[in-house]
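Engineer: This one is work_17.pdb, PDB, C-alpha atoms.
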ATOM      1  CA  MET A  15     -41.183 -26.559  10.463  1.00  0.00           C
ATOM      2  CA  ALA A  16     -42.787 -23.806   8.379  1.00  0.00           C
ATOM      3  CA  GLY A  17     -43.872 -24.714   4.844  1.00  0.00           C
ATOM      4  CA  GLY A  18     -43.124 -28.397   5.363  1.00  0.00           C
ATOM      5  CA  LYS A  19     -39.334 -28.002   5.508  1.00  0.00           C
ATOM      6  CA  ALA A  20     -37.228 -28.138   8.630  1.00  0.00           C
ATOM      7  CA  GLU A  21     -34.370 -25.678   9.012  1.00  0.00           C
ATOM      8  CA  LYS A  22     -30.942 -27.230   8.945  1.00  0.00           C
ATOM      9  CA  PRO A  23     -29.325 -27.002  12.354  1.00  0.00           C
ATOM     10  CA  ARG A  24     -26.229 -24.884  12.474  1.00  0.00           C
ATOM     11  CA  GLY A  25     -23.350 -26.806  13.815  1.00  0.00           C
ATOM     12  CA  LYS A  26     -19.847 -28.049  13.334  1.00  0.00           C
ATOM     13  CA  GLN A  27     -19.791 -27.583   9.538  1.00  0.00           C
ATOM     14  CA  GLU A  28     -20.698 -23.885   9.759  1.00  0.00           C
ATOM     15  CA  ASN A  29     -18.184 -23.306  12.566  1.00  0.00           C
ATOM     16  CA  ASN A  30     -15.550 -25.183  10.565  1.00  0.00           C
ATOM     17  CA  ASN A  31     -16.220 -23.005   7.485  1.00  0.00           C
ATOM     18  CA  ALA A  32     -15.964 -19.866   9.629  1.00  0.00           C
ATOM     19  CA  SER A  33     -12.640 -21.076  11.038  1.00  0.00           C
ATOM     20  CA  ILE A  34     -11.363 -21.787   7.530  1.00  0.00           C
ATOM     21  CA  ILE A  35     -12.324 -18.315   6.278  1.00  0.00           C
ATOM     22  CA  LYS A  36     -10.750 -16.626   9.321  1.00  0.00           C
ATOM     23  CA  ALA A  37      -7.569 -18.635   8.760  1.00  0.00           C
ATOM     24  CA  ARG A  38      -7.544 -17.737   5.035  1.00  0.00           C
ATOM     25  CA  LEU A  39      -7.899 -14.034   5.867  1.00  0.00           C
ATOM     26  CA  ASN A  40      -5.039 -14.176   8.381  1.00  0.00           C
ATOM     27  CA  GLU A  41      -2.848 -16.126   5.946  1.00  0.00           C
ATOM     28  CA  GLU A  42      -3.582 -13.625   3.182  1.00  0.00           C
ATOM     29  CA  LEU A  43      -2.756 -10.691   5.450  1.00  0.00           C
ATOM     30  CA  GLU A  44       0.578 -12.327   6.322  1.00  0.00           C
ATOM     31  CA  ARG A  45       1.273 -13.018   2.629  1.00  0.00           C
ATOM     32  CA  LEU A  46       0.529  -9.395   1.724  1.00  0.00           C
ATOM     33  CA  ARG A  47       2.721  -8.127   4.571  1.00  0.00           C
ATOM     34  CA  ALA A  48       5.611 -10.241   3.304  1.00  0.00           C
ATOM     35  CA  ARG A  49       5.129  -9.201  -0.348  1.00  0.00           C
ATOM     36  CA  LEU A  50       4.874  -5.527   0.541  1.00  0.00           C
ATOM     37  CA  GLY A  51       7.582  -5.577   3.211  1.00  0.00           C
ATOM     38  CA  LEU A  52       5.245  -4.360   5.936  1.00  0.00           C
ATOM     39  CA  ASN A  53       5.825  -4.573   9.657  1.00  0.00           C
ATOM     40  CA  HIS A  54       2.470  -3.054  10.564  1.00  0.00           C
ATOM     41  CA  GLU A  55       0.631  -4.341  13.562  1.00  0.00           C
ATOM     42  CA  LEU A  56      -2.563  -4.634  11.528  1.00  0.00           C
ATOM     43  CA  GLY A  57      -4.917  -7.451  12.352  1.00  0.00           C
ATOM     44  CA  VAL A  58      -7.974  -8.732  10.539  1.00  0.00           C
ATOM     45  CA  VAL A  59     -11.403  -9.479  12.000  1.00  0.00           C
ATOM     46  CA  TRP A  60     -14.121 -11.204   9.995  1.00  0.00           C
ATOM     47  CA  ILE A  61     -17.718 -10.222  10.820  1.00  0.00           C
ATOM     48  CA  PRO A  62     -19.907 -11.681   8.050  1.00  0.00           C
ATOM     49  CA  ASN A  63     -23.493 -10.578   7.531  1.00  0.00           C
ATOM     50  CA  SER A  64     -23.096  -7.738  10.014  1.00  0.00           C
ATOM     51  CA  GLY A  65     -25.752  -5.656   8.298  1.00  0.00           C
ATOM     52  CA  ASN A  66     -23.020  -3.186   7.413  1.00  0.00           C
ATOM     53  CA  ALA A  67     -23.297  -1.671   3.930  1.00  0.00           C
ATOM     54  CA  LEU A  68     -19.503  -1.736   3.630  1.00  0.00           C
ATOM     55  CA  SER A  69     -17.442  -4.689   2.430  1.00  0.00           C
ATOM     56  CA  GLY A  70     -14.741  -3.784   4.911  1.00  0.00           C
ATOM     57  CA  GLU A  71     -13.052  -0.938   6.750  1.00  0.00           C
ATOM     58  CA  VAL A  72     -10.010  -0.131   8.847  1.00  0.00           C
ATOM     59  CA  LYS A  73     -10.472   1.096  12.398  1.00  0.00           C
ATOM     60  CA  GLY A  74      -7.318   1.703  14.367  1.00  0.00           C
ATOM     61  CA  ASN A  75      -5.002  -1.229  13.735  1.00  0.00           C
ATOM     62  CA  THR A  76      -7.737  -3.627  12.656  1.00  0.00           C
ATOM     63  CA  ILE A  77      -9.121  -4.418   9.224  1.00  0.00           C
ATOM     64  CA  TYR A  78     -12.770  -5.426   9.567  1.00  0.00           C
ATOM     65  CA  ILE A  79     -14.156  -7.608   6.770  1.00  0.00           C
ATOM     66  CA  TYR A  80     -17.936  -7.903   6.412  1.00  0.00           C
ATOM     67  CA  GLU A  81     -18.204 -10.090   3.282  1.00  0.00           C
ATOM     68  CA  ALA A  82     -19.576 -13.598   3.906  1.00  0.00           C
ATOM     69  CA  GLU A  83     -18.089 -15.282   0.811  1.00  0.00           C
ATOM     70  CA  VAL A  84     -14.422 -16.190   1.036  1.00  0.00           C
ATOM     71  CA  ASP A  85     -13.397 -14.769  -2.371  1.00  0.00           C
ATOM     72  CA  LYS A  86     -15.167 -11.470  -1.721  1.00  0.00           C
ATOM     73  CA  ALA A  87     -13.733 -11.354   1.800  1.00  0.00           C
ATOM     74  CA  LEU A  88     -10.186 -11.840   0.463  1.00  0.00           C
ATOM     75  CA  GLN A  89     -10.699  -9.156  -2.187  1.00  0.00           C
ATOM     76  CA  SER A  90     -12.044  -6.796   0.461  1.00  0.00           C
ATOM     77  CA  LEU A  91      -8.995  -7.489   2.646  1.00  0.00           C
ATOM     78  CA  ARG A  92      -6.652  -6.587  -0.221  1.00  0.00           C
ATOM     79  CA  HIS A  93      -8.653  -3.438  -0.991  1.00  0.00           C
ATOM     80  CA  GLU A  94      -8.695  -2.282   2.639  1.00  0.00           C
ATOM     81  CA  LEU A  95      -4.962  -2.904   3.097  1.00  0.00           C
ATOM     82  CA  ILE A  96      -4.112  -0.889  -0.034  1.00  0.00           C
ATOM     83  CA  ASP A  97      -6.493   1.885   1.030  1.00  0.00           C
ATOM     84  CA  TYR A  98      -4.894   1.914   4.502  1.00  0.00           C
ATOM     85  CA  LEU A  99      -1.389   2.188   3.045  1.00  0.00           C
ATOM     86  CA  ILE A 100      -2.325   5.050   0.708  1.00  0.00           C
ATOM     87  CA  THR A 101      -4.202   6.881   3.443  1.00  0.00           C
ATOM     88  CA  SER A 102      -1.541   6.450   6.128  1.00  0.00           C
ATOM     89  CA  ARG A 103       1.461   7.184   3.905  1.00  0.00           C
ATOM     90  CA  ILE A 104       0.111   9.830   1.515  1.00  0.00           C
ATOM     91  CA  VAL A 105      -3.246  11.300   2.501  1.00  0.00           C
ATOM     92  CA  LYS A 106      -2.697  11.671   6.260  1.00  0.00           C
ATOM     93  CA  PRO A 107       0.722  13.365   5.928  1.00  0.00           C
ATOM     94  CA  LEU A 108      -0.750  15.808   3.387  1.00  0.00           C
ATOM     95  CA  VAL A 109      -3.702  16.595   5.649  1.00  0.00           C
ATOM     96  CA  ASP A 110      -1.311  17.091   8.573  1.00  0.00           C
ATOM     97  CA  LEU A 111       0.824  19.419   6.445  1.00  0.00           C
ATOM     98  CA  MET A 112      -2.196  21.452   5.353  1.00  0.00           C
ATOM     99  CA  ASN A 113      -3.365  21.749   8.947  1.00  0.00           C
ATOM    100  CA  LEU A 114       0.081  22.994   9.989  1.00  0.00           C
ATOM    101  CA  LEU A 115       0.038  25.544   7.183  1.00  0.00           C
ATOM    102  CA  ILE A 116      -3.421  26.749   8.162  1.00  0.00           C
ATOM    103  CA  LYS A 117      -2.407  26.931  11.834  1.00  0.00           C
ATOM    104  CA  SER A 118       0.764  28.875  11.029  1.00  0.00           C
ATOM    105  CA  ARG A 119      -1.179  31.484   9.046  1.00  0.00           C
ATOM    106  CA  GLU A 120      -4.272  31.574  11.250  1.00  0.00           C
ATOM    107  CA  SER A 121      -3.410  34.712  13.255  1.00  0.00           C
ATOM    108  CA  GLU A 122      -2.124  36.492  10.157  1.00  0.00           C
ATOM    109  CA  ILE A 123      -5.355  35.757   8.292  1.00  0.00           C
ATOM    110  CA  TYR A 124      -7.451  36.852  11.278  1.00  0.00           C
ATOM    111  CA  GLU A 125      -5.555  40.157  11.556  1.00  0.00           C
ATOM    112  CA  GLU A 126      -6.010  40.843   7.835  1.00  0.00           C
ATOM    113  CA  LYS A 127      -9.724  40.107   8.083  1.00  0.00           C
ATOM    114  CA  GLU A 128     -10.079  42.487  11.039  1.00  0.00           C
ATOM    115  CA  ARG A 129      -8.161  45.192   9.162  1.00  0.00           C
ATOM    116  CA  LEU A 130     -10.537  44.859   6.200  1.00  0.00           C
ATOM    117  CA  VAL A 131     -13.607  44.937   8.463  1.00  0.00           C
ATOM    118  CA  LYS A 132     -12.413  48.187  10.086  1.00  0.00           C
ATOM    119  CA  MET A 133     -11.620  49.739   6.730  1.00  0.00           C
ATOM    120  CA  LEU A 134     -14.978  48.819   5.213  1.00  0.00           C
ATOM    121  CA  SER A 135     -16.837  49.867   8.365  1.00  0.00           C
ATOM    122  CA  ARG A 136     -15.446  53.412   7.968  1.00  0.00           C
ATOM    123  CA  LEU A 137     -16.938  53.563   4.487  1.00  0.00           C
ATOM    124  CA  LEU A 138     -20.407  52.965   5.885  1.00  0.00           C
ATOM    125  CA  VAL A 139     -20.333  55.987   8.243  1.00  0.00           C
TER     126      VAL A 139
END
Using structure tokens, write down the structure from this file.
Structural biologist:
Amino acid sequence: MAGGKAEKPRGKQENNNASIIKARLNEELERLRARLGLNHELGVVWIPNSGNALSGEVKGNTIYIYEAEVDKALQSLRHELIDYLITSRIVKPLVDLMNLLIKSRESEIYEEKERLVKMLSRLLV
């Protein structure tokens, strides 16, 4: 009892609120899946006050939400789902394509570099 006030014990009410927020996040994910026609195996995990500077992130097939307030948590869920869709359907295929292009030209580029090194080395003799 510091400062004359007793801390409120954490109990059923806090656990009930946590259950409600978890349920809201799962319901919202299902609603978004239906609206967007998604069959992804994405799940959502709520970890409020985790000390993480992020509002949320996607790791593997899980969307992690770190916001403690329900409205912010729901907004973060929407943001992370949209980011996941853009990354998985647009960014990742482009990165994969660029990597294939680089790989396909790798030996050709190396041979050209070696040819230039030999040519320039002769100039220094």
Engineer: Calculate how many Å separate CA of Asn66 in chain A from CA of Glu81 in chain A, rounding to one decimal.
Structural biologist: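 These atoms are spaced 9.4 Å apart.
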Engineer: Take CA of Ile79 in chain A and CA of Leu91 in chain A and report the distance between them in Å, one decimal.
Structural biologist: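 Here the two named atoms are 6.6 Å from each other.
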Engineer: So which residues fall inside 12 Å of (-14.8, -10.4, 1.7) if we count all atoms listed in the file? Mind giving them as a PDB file with C-alpha atoms, in the coordinates of the input?
Structural biologist:
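File out.pdb, as written:
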ATOM      1  CA  ILE A  35     -12.324 -18.315   6.278  1.00  0.00           C
ATOM      2  CA  LYS A  36     -10.750 -16.626   9.321  1.00  0.00           C
ATOM      3  CA  ARG A  38      -7.544 -17.737   5.035  1.00  0.00           C
ATOM      4  CA  LEU A  39      -7.899 -14.034   5.867  1.00  0.00           C
ATOM      5  CA  GLU A  42      -3.582 -13.625   3.182  1.00  0.00           C
ATOM      6  CA  VAL A  58      -7.974  -8.732  10.539  1.00  0.00           C
ATOM      7  CA  VAL A  59     -11.403  -9.479  12.000  1.00  0.00           C
ATOM      8  CA  TRP A  60     -14.121 -11.204   9.995  1.00  0.00           C
ATOM      9  CA  ILE A  61     -17.718 -10.222  10.820  1.00  0.00           C
ATOM     10  CA  PRO A  62     -19.907 -11.681   8.050  1.00  0.00           C
ATOM     11  CA  ASN A  63     -23.493 -10.578   7.531  1.00  0.00           C
ATOM     12  CA  LEU A  68     -19.503  -1.736   3.630  1.00  0.00           C
ATOM     13  CA  SER A  69     -17.442  -4.689   2.430  1.00  0.00           C
ATOM     14  CA  GLY A  70     -14.741  -3.784   4.911  1.00  0.00           C
ATOM     15  CA  GLU A  71     -13.052  -0.938   6.750  1.00  0.00           C
ATOM     16  CA  ILE A  77      -9.121  -4.418   9.224  1.00  0.00           C
ATOM     17  CA  TYR A  78     -12.770  -5.426   9.567  1.00  0.00           C
ATOM     18  CA  ILE A  79     -14.156  -7.608   6.770  1.00  0.00           C
ATOM     19  CA  TYR A  80     -17.936  -7.903   6.412  1.00  0.00           C
ATOM     20  CA  GLU A  81     -18.204 -10.090   3.282  1.00  0.00           C
ATOM     21  CA  ALA A  82     -19.576 -13.598   3.906  1.00  0.00           C
ATOM     22  CA  GLU A  83     -18.089 -15.282   0.811  1.00  0.00           C
ATOM     23  CA  VAL A  84     -14.422 -16.190   1.036  1.00  0.00           C
ATOM     24  CA  ASP A  85     -13.397 -14.769  -2.371  1.00  0.00           C
ATOM     25  CA  LYS A  86     -15.167 -11.470  -1.721  1.00  0.00           C
ATOM     26  CA  ALA A  87     -13.733 -11.354   1.800  1.00  0.00           C
ATOM     27  CA  LEU A  88     -10.186 -11.840   0.463  1.00  0.00           C
ATOM     28  CA  GLN A  89     -10.699  -9.156  -2.187  1.00  0.00           C
ATOM     29  CA  SER A  90     -12.044  -6.796   0.461  1.00  0.00           C
ATOM     30  CA  LEU A  91      -8.995  -7.489   2.646  1.00  0.00           C
ATOM     31  CA  ARG A  92      -6.652  -6.587  -0.221  1.00  0.00           C
ATOM     32  CA  HIS A  93      -8.653  -3.438  -0.991  1.00  0.00           C
ATOM     33  CA  GLU A  94      -8.695  -2.282   2.639  1.00  0.00           C
TER      34      GLU A  94
END
Engineer: Would you mind reading off the distance between CA of Pro107 in chain A and CA of Val72 in chain A, one decimal, in Å?
Structural biologist: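 According to the coordinates, CA of Pro107 in chain A and CA of Val72 in chain A are separated by 17.5 Å.
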Engineer: For Leu52 in chain A, which of A:Leu99, A:Glu120, A:Val105, A:Ser33 is the closest residue, counting all atoms listed in the file?
Structural biologist: A:Leu99
Engineer: Quick one: axis-aligned box around all listed atoms of range 44-62 of chain A, 4 Å on every side, centre and edge lengths in Å to one decimal, written as JSON.
Structural biologist:
{"center_x": -6.2, "center_y": -8.0, "center_z": 6.6, "size_x": 35.5, "size_y": 18.0, "size_z": 21.9}
Engineer: Given the choices A:Ile34, A:Ala48, A:Leu56, A:Leu130, which gets closest to Leu95 in chain A if the distance is worked out from all atoms listed in the file?
Structural biologist: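 Answer, going by the shortest atom-to-atom distance: A:Leu56.
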